[in-house]
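Here the structure is laid out as structure tokens; the discussion comes afterwards.
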Amino acid sequence: MRKRGSARTTGCRRGRAAAARRSGLILYAVLVILAMVSLVAVSLMFRVQADLQAATAGQAAGQAYLAALSGIQRAVLVLRTGPDDPEALRDNEAMFRDQLVCDDGAEQWYFTVYAYNDQDPGIVRYGITDEATRINVNNRPRENRATLAALPGMTDELIDALIDYVDPDDMPEAQGAEAQSYARLDHPYLIANADLTTLGELLLVRGFDAPVVYGEDANRNGLLDPNENDGDITFPPDNTDGVLDRGLAGFVTTVTREPDVDGEGNPRINLNGDPESLQNAGLPDQALTFIARYRMEGHQFNDPSELLGEEAGIGPGQIADILDRFTAFPTGDLTAILGPPAGGRGMSVERFDPFELDGLAPESPAPSSRPAQANPPRAGRVNVNTAPVEVLAMVGDMGEQAARRIVEHRTLLEADQARTPAWLLTEELVDEELFKRIAPILTTRSYQYRVQAVGYGLPSGRFCVLEAVIDLESGRPRVMHLRQLTRLGAPFALTGPPQR
């Protein structure tokens, strides 16, 4: 009987042990499941938090972008209401510095419009940049070689490569490179054979690299930052001379152009165009004779300033009217209109009037009966009324002394005097020879403006930097180019209005 009881006890113990093991396994399984569920929950929580942070960051980035865009819009408004007030455009803290866009309770969003300060390079100015204060590299680079050579970092090889990149032919300059040179590169590409559209396109021209185009100004803020004056310790490479090298970007442009019209908005008369339009333009007989002889010899005018001098009978007193009413852009050879000279030895102006149109086909109507046709826009020139000394000194390589006299004297001009560059001659600031050299590169009008705007929020410090080019050629402000510069970093400390 005792043995049977012992067996039963042992069996019970074994049953209880098995039940305990099963319970332990179940508990272990439950714990594993709870751990997995917890991991999924934690993962989901982190995912939701990450999505929330991403959404918040995206919203902040969008807010910063819209704040910067508000700065661009402020510039458009100022240009629409007061484009003829250079000081309001140049430096206007009340309109452009730390302007509050909105306060959403958590963030205050501001914008600042800023630009390089040529009068005090140590601080930015709060305004926009008149692009006509820069040299347009698209403006007949072959003819304006002396001006290009005066630019910092430019060499004959670079000028030749630039000429070949923009001209339509396939004949390389002495040190240039046409399409076949680019086709032989490890990574070949086609060249434009047309005007550059942006400054960055210069990097596609052989020999032009970032140091040549942008200098040391890595973040394009016009200030000498610590990393731009420490040699090769941090990017960009620099010469540690304590002076910001702005590269070509500080002096050249590709976006300027102007309508080829006179002061009343009428198309100018082309010196290379229809002879009858010149006959009826009120020019002196001596000037008409000079134009006829010059063109019949197979030449074309590059600029109306070429009429200045004794040969054409145009003196300093008449040149302002000539520059206002006349233009010069390439057109057909005069012999294609009037036929070749008799005997092929040139045409005697005394015995033949080259402006006589009897030889034209009878079905061609007289120009006076044709509707006025607009001339093509003129390639951008340097505005002599607004350009700084350092840019004017490069025009025709006139030098700093003459440029400084011009800048000092232009503040004394009446509005009527300043309508054409002729005041340089009438005010005896340059002689006739220098005037003829620089006049084809000068203007007194501005139609394109560059705007750099940073939008930012406080206290987060989130920011966005935009750059735009605004065009007034059509009469209303129009944004030609818009791009982000945010990846280059904040242009300066973004602390909000001074009272903060």
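Note on naming: chains are A, B, ... as they come in the structure tokens, residues start from 1 per chain, ligands start from 1 in the order shown.
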With a cut-off of 9 Å, could you pull out the residues of stretch 189-209 of chain A touching stretch 149-171 of chain A and give me the nearest pair of atoms for each, distance in Å to one decimal, using only C-alpha atoms, ordered by chain and ascending number, as a Markdown table?
| residue | atom | partner | partner_atom | distance |
| --- | --- | --- | --- | --- |
| A:Ile191 | CA | A:Tyr165 | CA | 6.3 |
| A:Ala192 | CA | A:Tyr165 | CA | 6.5 |
| A:Asn193 | CA | A:Val166 | CA | 4.4 |
| A:Ala194 | CA | A:Val166 | CA | 4.4 |
| A:Asp195 | CA | A:Val166 | CA | 5.2 |
| A:Leu196 | CA | A:Val166 | CA | 7.0 |
| A:Leu202 | CA | A:Leu162 | CA | 8.2 |
| A:Leu204 | CA | A:Tyr165 | CA | 8.9 |
| A:Val205 | CA | A:Leu162 | CA | 6.4 |
| A:Arg206 | CA | A:Ala161 | CA | 6.1 |
| A:Gly207 | CA | A:Leu158 | CA | 6.1 |
| A:Phe208 | CA | A:Leu158 | CA | 7.1 |
Applying 12 Å and only C-alpha atoms, which residues near A:Glu258 remain after dropping the ones on its own chain fewer than 5 positions away? List them as a PDB file with N, CA and C atoms, in the first residue's frame.
ATOM      1  N   GLU A 131      22.001  95.810 -62.681  1.00  0.00           N
ATOM      2  CA  GLU A 131      22.887  94.980 -63.493  1.00  0.00           C
ATOM      3  C   GLU A 131      23.626  95.794 -64.548  1.00  0.00           C
ATOM      4  N   ALA A 132      23.092  96.969 -64.900  1.00  0.00           N
ATOM      5  CA  ALA A 132      23.774  97.821 -65.871  1.00  0.00           C
ATOM      6  C   ALA A 132      24.998  98.498 -65.281  1.00  0.00           C
ATOM      7  N   ASN A 136      28.627  93.563 -69.573  1.00  0.00           N
ATOM      8  CA  ASN A 136      27.978  92.402 -70.180  1.00  0.00           C
ATOM      9  C   ASN A 136      28.966  91.698 -71.118  1.00  0.00           C
ATOM     10  N   ASN A 139      28.292  91.483 -74.924  1.00  0.00           N
ATOM     11  CA  ASN A 139      28.287  92.686 -75.762  1.00  0.00           C
ATOM     12  C   ASN A 139      29.535  92.714 -76.643  1.00  0.00           C
ATOM     13  N   GLY A 265      10.719 106.954 -77.260  1.00  0.00           N
ATOM     14  CA  GLY A 265      10.203 105.609 -77.456  1.00  0.00           C
ATOM     15  C   GLY A 265      10.105 105.164 -78.901  1.00  0.00           C
ATOM     16  N   PRO A 267      11.679 103.769 -82.546  1.00  0.00           N
ATOM     17  CA  PRO A 267      12.850 102.994 -82.961  1.00  0.00           C
ATOM     18  C   PRO A 267      13.929 103.903 -83.527  1.00  0.00           C
ATOM     19  N   ASN A 375      13.431  97.877 -83.616  1.00  0.00           N
ATOM     20  CA  ASN A 375      14.762  97.297 -83.746  1.00  0.00           C
ATOM     21  C   ASN A 375      14.911  96.162 -82.746  1.00  0.00           C
ATOM     22  N   PRO A 376      15.794  95.215 -82.997  1.00  0.00           N
ATOM     23  CA  PRO A 376      16.065  94.182 -81.983  1.00  0.00           C
ATOM     24  C   PRO A 376      16.659  94.827 -80.737  1.00  0.00           C
ATOM     25  N   PRO A 377      16.406  94.240 -79.560  1.00  0.00           N
ATOM     26  CA  PRO A 377      16.988  94.816 -78.334  1.00  0.00           C
ATOM     27  C   PRO A 377      18.501  94.916 -78.444  1.00  0.00           C
ATOM     28  N   ARG A 378      19.040  95.945 -77.837  1.00  0.00           N
ATOM     29  CA  ARG A 378      20.477  96.181 -77.884  1.00  0.00           C
ATOM     30  C   ARG A 378      21.151  95.453 -76.732  1.00  0.00           C
ATOM     31  N   ALA A 379      22.290  94.836 -77.018  1.00  0.00           N
ATOM     32  CA  ALA A 379      23.038  94.135 -75.964  1.00  0.00           C
ATOM     33  C   ALA A 379      23.352  95.088 -74.825  1.00  0.00           C
ATOM     34  N   GLY A 380      23.290  94.566 -73.618  1.00  0.00           N
ATOM     35  CA  GLY A 380      23.446  95.400 -72.446  1.00  0.00           C
ATOM     36  C   GLY A 380      24.756  96.154 -72.395  1.00  0.00           C
ATOM     37  N   ARG A 381      24.684  97.394 -71.957  1.00  0.00           N
ATOM     38  CA  ARG A 381      25.858  98.245 -71.810  1.00  0.00           C
ATOM     39  C   ARG A 381      25.968  98.721 -70.368  1.00  0.00           C
ATOM     40  N   VAL A 382      27.060  99.358 -70.054  1.00  0.00           N
ATOM     41  CA  VAL A 382      27.318  99.844 -68.695  1.00  0.00           C
ATOM     42  C   VAL A 382      26.682 101.222 -68.534  1.00  0.00           C
ATOM     43  N   ASN A 383      25.876 101.385 -67.491  1.00  0.00           N
ATOM     44  CA  ASN A 383      25.214 102.657 -67.236  1.00  0.00           C
ATOM     45  C   ASN A 383      26.213 103.639 -66.616  1.00  0.00           C
ATOM     46  N   LEU A 442      28.739 102.067 -73.396  1.00  0.00           N
ATOM     47  CA  LEU A 442      28.050 102.854 -72.379  1.00  0.00           C
ATOM     48  C   LEU A 442      26.583 103.105 -72.732  1.00  0.00           C
ATOM     49  N   THR A 443      25.792 103.286 -71.702  1.00  0.00           N
ATOM     50  CA  THR A 443      24.403 103.671 -71.834  1.00  0.00           C
ATOM     51  C   THR A 443      24.052 104.565 -70.656  1.00  0.00           C
ATOM     52  N   THR A 444      22.831 105.076 -70.640  1.00  0.00           N
ATOM     53  CA  THR A 444      22.349 105.847 -69.485  1.00  0.00           C
ATOM     54  C   THR A 444      21.039 105.257 -68.974  1.00  0.00           C
ATOM     55  N   ARG A 445      20.773 104.009 -69.331  1.00  0.00           N
ATOM     56  CA  ARG A 445      19.508 103.366 -68.972  1.00  0.00           C
ATOM     57  C   ARG A 445      19.774 102.046 -68.260  1.00  0.00           C
ATOM     58  N   SER A 446      18.852 101.668 -67.388  1.00  0.00           N
ATOM     59  CA  SER A 446      18.936 100.396 -66.670  1.00  0.00           C
ATOM     60  C   SER A 446      17.577  99.710 -66.737  1.00  0.00           C
ATOM     61  N   TYR A 447      17.580  98.443 -67.074  1.00  0.00           N
ATOM     62  CA  TYR A 447      16.330  97.692 -67.201  1.00  0.00           C
ATOM     63  C   TYR A 447      16.324  96.386 -66.411  1.00  0.00           C
ATOM     64  N   GLN A 448      17.481  95.908 -65.971  1.00  0.00           N
ATOM     65  CA  GLN A 448      17.543  94.646 -65.241  1.00  0.00           C
ATOM     66  C   GLN A 448      18.199  94.865 -63.880  1.00  0.00           C
ATOM     67  N   ASP A 471      13.335  92.105 -64.699  1.00  0.00           N
ATOM     68  CA  ASP A 471      13.481  92.818 -65.967  1.00  0.00           C
ATOM     69  C   ASP A 471      12.364  93.844 -66.110  1.00  0.00           C
ATOM     70  N   LEU A 472      12.738  95.073 -66.501  1.00  0.00           N
ATOM     71  CA  LEU A 472      11.764  96.148 -66.702  1.00  0.00           C
ATOM     72  C   LEU A 472      11.627  96.532 -68.171  1.00  0.00           C
ATOM     73  N   GLU A 473      12.184  95.746 -69.071  1.00  0.00           N
ATOM     74  CA  GLU A 473      12.212  96.126 -70.477  1.00  0.00           C
ATOM     75  C   GLU A 473      10.804  96.286 -71.053  1.00  0.00           C
ATOM     76  N   SER A 474       9.865  95.464 -70.610  1.00  0.00           N
ATOM     77  CA  SER A 474       8.507  95.527 -71.141  1.00  0.00           C
ATOM     78  C   SER A 474       7.673  96.642 -70.517  1.00  0.00           C
ATOM     79  N   GLY A 475       8.230  97.321 -69.516  1.00  0.00           N
ATOM     80  CA  GLY A 475       7.485  98.375 -68.834  1.00  0.00           C
ATOM     81  C   GLY A 475       6.961  97.951 -67.482  1.00  0.00           C
TER      82      GLY A 475
END
*Kindly give the distance, in Å, that separates atom CA of A:Asp241 and atom CA of A:Glu408, rounded to a single decimal.*
29.3 Å
*Of the residues A:Leu434, A:Ala468, A:Leu271, A:Leu224, which is the one nearest to A:Pro330, using only C-alpha atoms?*
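Smallest distance to A:Pro330 is found for A:Leu271.
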_Residue nearest A:Leu466 - candidates A:Leu66, A:Cys102, A:Ala281, A:Leu148, atoms counted: only C-alpha atoms_ = A:Leu66
*So, counting only C-alpha atoms, which residue among A:Arg476, A:His481, A:Arg220, A:Arg437 is closest to A:Val76?*
A:Arg476
*asked:* Just checking: using only C-alpha atoms, which residue out of A:Ala218, A:Met95, A:Ile135, A:Val78 ends up closest to A:Gly489?
replied: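 That would be A:Ala218, the residue with the smallest distance to A:Gly489.
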*Tell me, which residues of stretch 56-104 of chain A carry DSSP strand (DSSP E), written as a list in words?*
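Strand (DSSP E) assignments inside stretch 56-104 of chain A correspond to Gln99, Leu100, Val101, Cys102 and Asp103 of chain A.
Counting only C-alpha atoms, the residue from A:Pro86, A:Ala146, A:Gly222, A:Arg134 that sits nearest to A:Asn117 is A:Gly222.
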*Selected residue, from A:Arg74, A:Leu69, A:Asp431, A:Gly127, that lies nearest to A:Asp91 when counting only C-alpha atoms*: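 The shortest atom-to-atom distance to A:Asp91 comes from A:Gly127.
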*Which neighbours of A:Gln417 fall inside 10 Å, counting only C-alpha atoms, when residues of the same chain fewer than 6 positions from it are skipped, and could you give them as a ChimeraX atom specification?*
/A:320,410,423-424,426-427
Near A:Thr486, within 12 Å and counting only C-alpha atoms, which residues show up once chain neighbours fewer than 3 positions away are dropped, as a PDB file with N, CA and C atoms, in the first residue's frame?
ATOM      1  N   ALA A  61      10.689  74.957 -43.813  1.00  0.00           N
ATOM      2  CA  ALA A  61      11.407  75.281 -45.045  1.00  0.00           C
ATOM      3  C   ALA A  61      10.498  76.031 -46.009  1.00  0.00           C
ATOM      4  N   ALA A  64      10.154  79.569 -44.759  1.00  0.00           N
ATOM      5  CA  ALA A  64      11.365  80.348 -45.046  1.00  0.00           C
ATOM      6  C   ALA A  64      11.410  80.736 -46.519  1.00  0.00           C
ATOM      7  N   TYR A  65      11.037  79.798 -47.392  1.00  0.00           N
ATOM      8  CA  TYR A  65      11.020  80.086 -48.829  1.00  0.00           C
ATOM      9  C   TYR A  65      10.036  81.216 -49.141  1.00  0.00           C
ATOM     10  N   ALA A  68      11.434  84.531 -48.030  1.00  0.00           N
ATOM     11  CA  ALA A  68      12.412  85.045 -48.989  1.00  0.00           C
ATOM     12  C   ALA A  68      11.717  85.558 -50.251  1.00  0.00           C
ATOM     13  N   ASN A 219      29.862  81.945 -50.521  1.00  0.00           N
ATOM     14  CA  ASN A 219      28.426  82.014 -50.253  1.00  0.00           C
ATOM     15  C   ASN A 219      27.745  83.218 -50.916  1.00  0.00           C
ATOM     16  N   ARG A 220      28.464  83.919 -51.770  1.00  0.00           N
ATOM     17  CA  ARG A 220      27.934  85.005 -52.598  1.00  0.00           C
ATOM     18  C   ARG A 220      27.289  86.129 -51.775  1.00  0.00           C
ATOM     19  N   ASN A 221      27.825  86.403 -50.606  1.00  0.00           N
ATOM     20  CA  ASN A 221      27.228  87.458 -49.787  1.00  0.00           C
ATOM     21  C   ASN A 221      27.975  88.783 -49.899  1.00  0.00           C
ATOM     22  N   GLN A 452      18.947  89.663 -54.103  1.00  0.00           N
ATOM     23  CA  GLN A 452      19.250  88.547 -53.217  1.00  0.00           C
ATOM     24  C   GLN A 452      18.457  88.753 -51.934  1.00  0.00           C
ATOM     25  N   ALA A 453      17.670  87.750 -51.572  1.00  0.00           N
ATOM     26  CA  ALA A 453      16.801  87.868 -50.396  1.00  0.00           C
ATOM     27  C   ALA A 453      16.946  86.622 -49.533  1.00  0.00           C
ATOM     28  N   VAL A 454      17.037  86.821 -48.225  1.00  0.00           N
ATOM     29  CA  VAL A 454      17.054  85.712 -47.285  1.00  0.00           C
ATOM     30  C   VAL A 454      15.791  85.798 -46.431  1.00  0.00           C
ATOM     31  N   GLY A 455      15.039  84.705 -46.375  1.00  0.00           N
ATOM     32  CA  GLY A 455      13.889  84.602 -45.486  1.00  0.00           C
ATOM     33  C   GLY A 455      14.249  83.699 -44.325  1.00  0.00           C
ATOM     34  N   TYR A 456      13.887  84.075 -43.098  1.00  0.00           N
ATOM     35  CA  TYR A 456      14.301  83.288 -41.935  1.00  0.00           C
ATOM     36  C   TYR A 456      13.277  83.403 -40.826  1.00  0.00           C
ATOM     37  N   ARG A 462      15.632  78.785 -39.005  1.00  0.00           N
ATOM     38  CA  ARG A 462      15.449  78.200 -40.330  1.00  0.00           C
ATOM     39  C   ARG A 462      15.507  79.307 -41.384  1.00  0.00           C
ATOM     40  N   PHE A 463      16.197  79.057 -42.519  1.00  0.00           N
ATOM     41  CA  PHE A 463      16.346  80.137 -43.497  1.00  0.00           C
ATOM     42  C   PHE A 463      16.305  79.591 -44.913  1.00  0.00           C
ATOM     43  N   CYS A 464      16.107  80.492 -45.856  1.00  0.00           N
ATOM     44  CA  CYS A 464      16.129  80.191 -47.285  1.00  0.00           C
ATOM     45  C   CYS A 464      16.682  81.422 -48.002  1.00  0.00           C
ATOM     46  N   VAL A 465      17.599  81.206 -48.954  1.00  0.00           N
ATOM     47  CA  VAL A 465      18.204  82.304 -49.711  1.00  0.00           C
ATOM     48  C   VAL A 465      17.797  82.171 -51.178  1.00  0.00           C
ATOM     49  N   LEU A 466      17.258  83.240 -51.735  1.00  0.00           N
ATOM     50  CA  LEU A 466      16.852  83.268 -53.134  1.00  0.00           C
ATOM     51  C   LEU A 466      17.587  84.383 -53.870  1.00  0.00           C
ATOM     52  N   GLU A 467      17.838  84.151 -55.143  1.00  0.00           N
ATOM     53  CA  GLU A 467      18.402  85.172 -56.020  1.00  0.00           C
ATOM     54  C   GLU A 467      17.517  85.273 -57.255  1.00  0.00           C
ATOM     55  N   ARG A 483      16.494  81.439 -58.470  1.00  0.00           N
ATOM     56  CA  ARG A 483      17.149  80.222 -58.025  1.00  0.00           C
ATOM     57  C   ARG A 483      17.454  80.306 -56.541  1.00  0.00           C
ATOM     58  N   GLY A 489      24.742  78.315 -47.528  1.00  0.00           N
ATOM     59  CA  GLY A 489      24.768  78.747 -46.140  1.00  0.00           C
ATOM     60  C   GLY A 489      24.152  80.119 -45.936  1.00  0.00           C
ATOM     61  N   ALA A 490      23.962  80.475 -44.671  1.00  0.00           N
ATOM     62  CA  ALA A 490      23.392  81.781 -44.339  1.00  0.00           C
ATOM     63  C   ALA A 490      24.384  82.881 -44.713  1.00  0.00           C
ATOM     64  N   PRO A 491      23.904  83.961 -45.306  1.00  0.00           N
ATOM     65  CA  PRO A 491      24.825  85.015 -45.732  1.00  0.00           C
ATOM     66  C   PRO A 491      25.442  85.790 -44.578  1.00  0.00           C
TER      67      PRO A 491
END
*Straight-line distance linking atom CA of A:Asp217 with atom CA of A:Gln401, stated in Å to one decimal*: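 Atom CA of A:Gln401 lies 27.5 Å from atom CA of A:Asp217.
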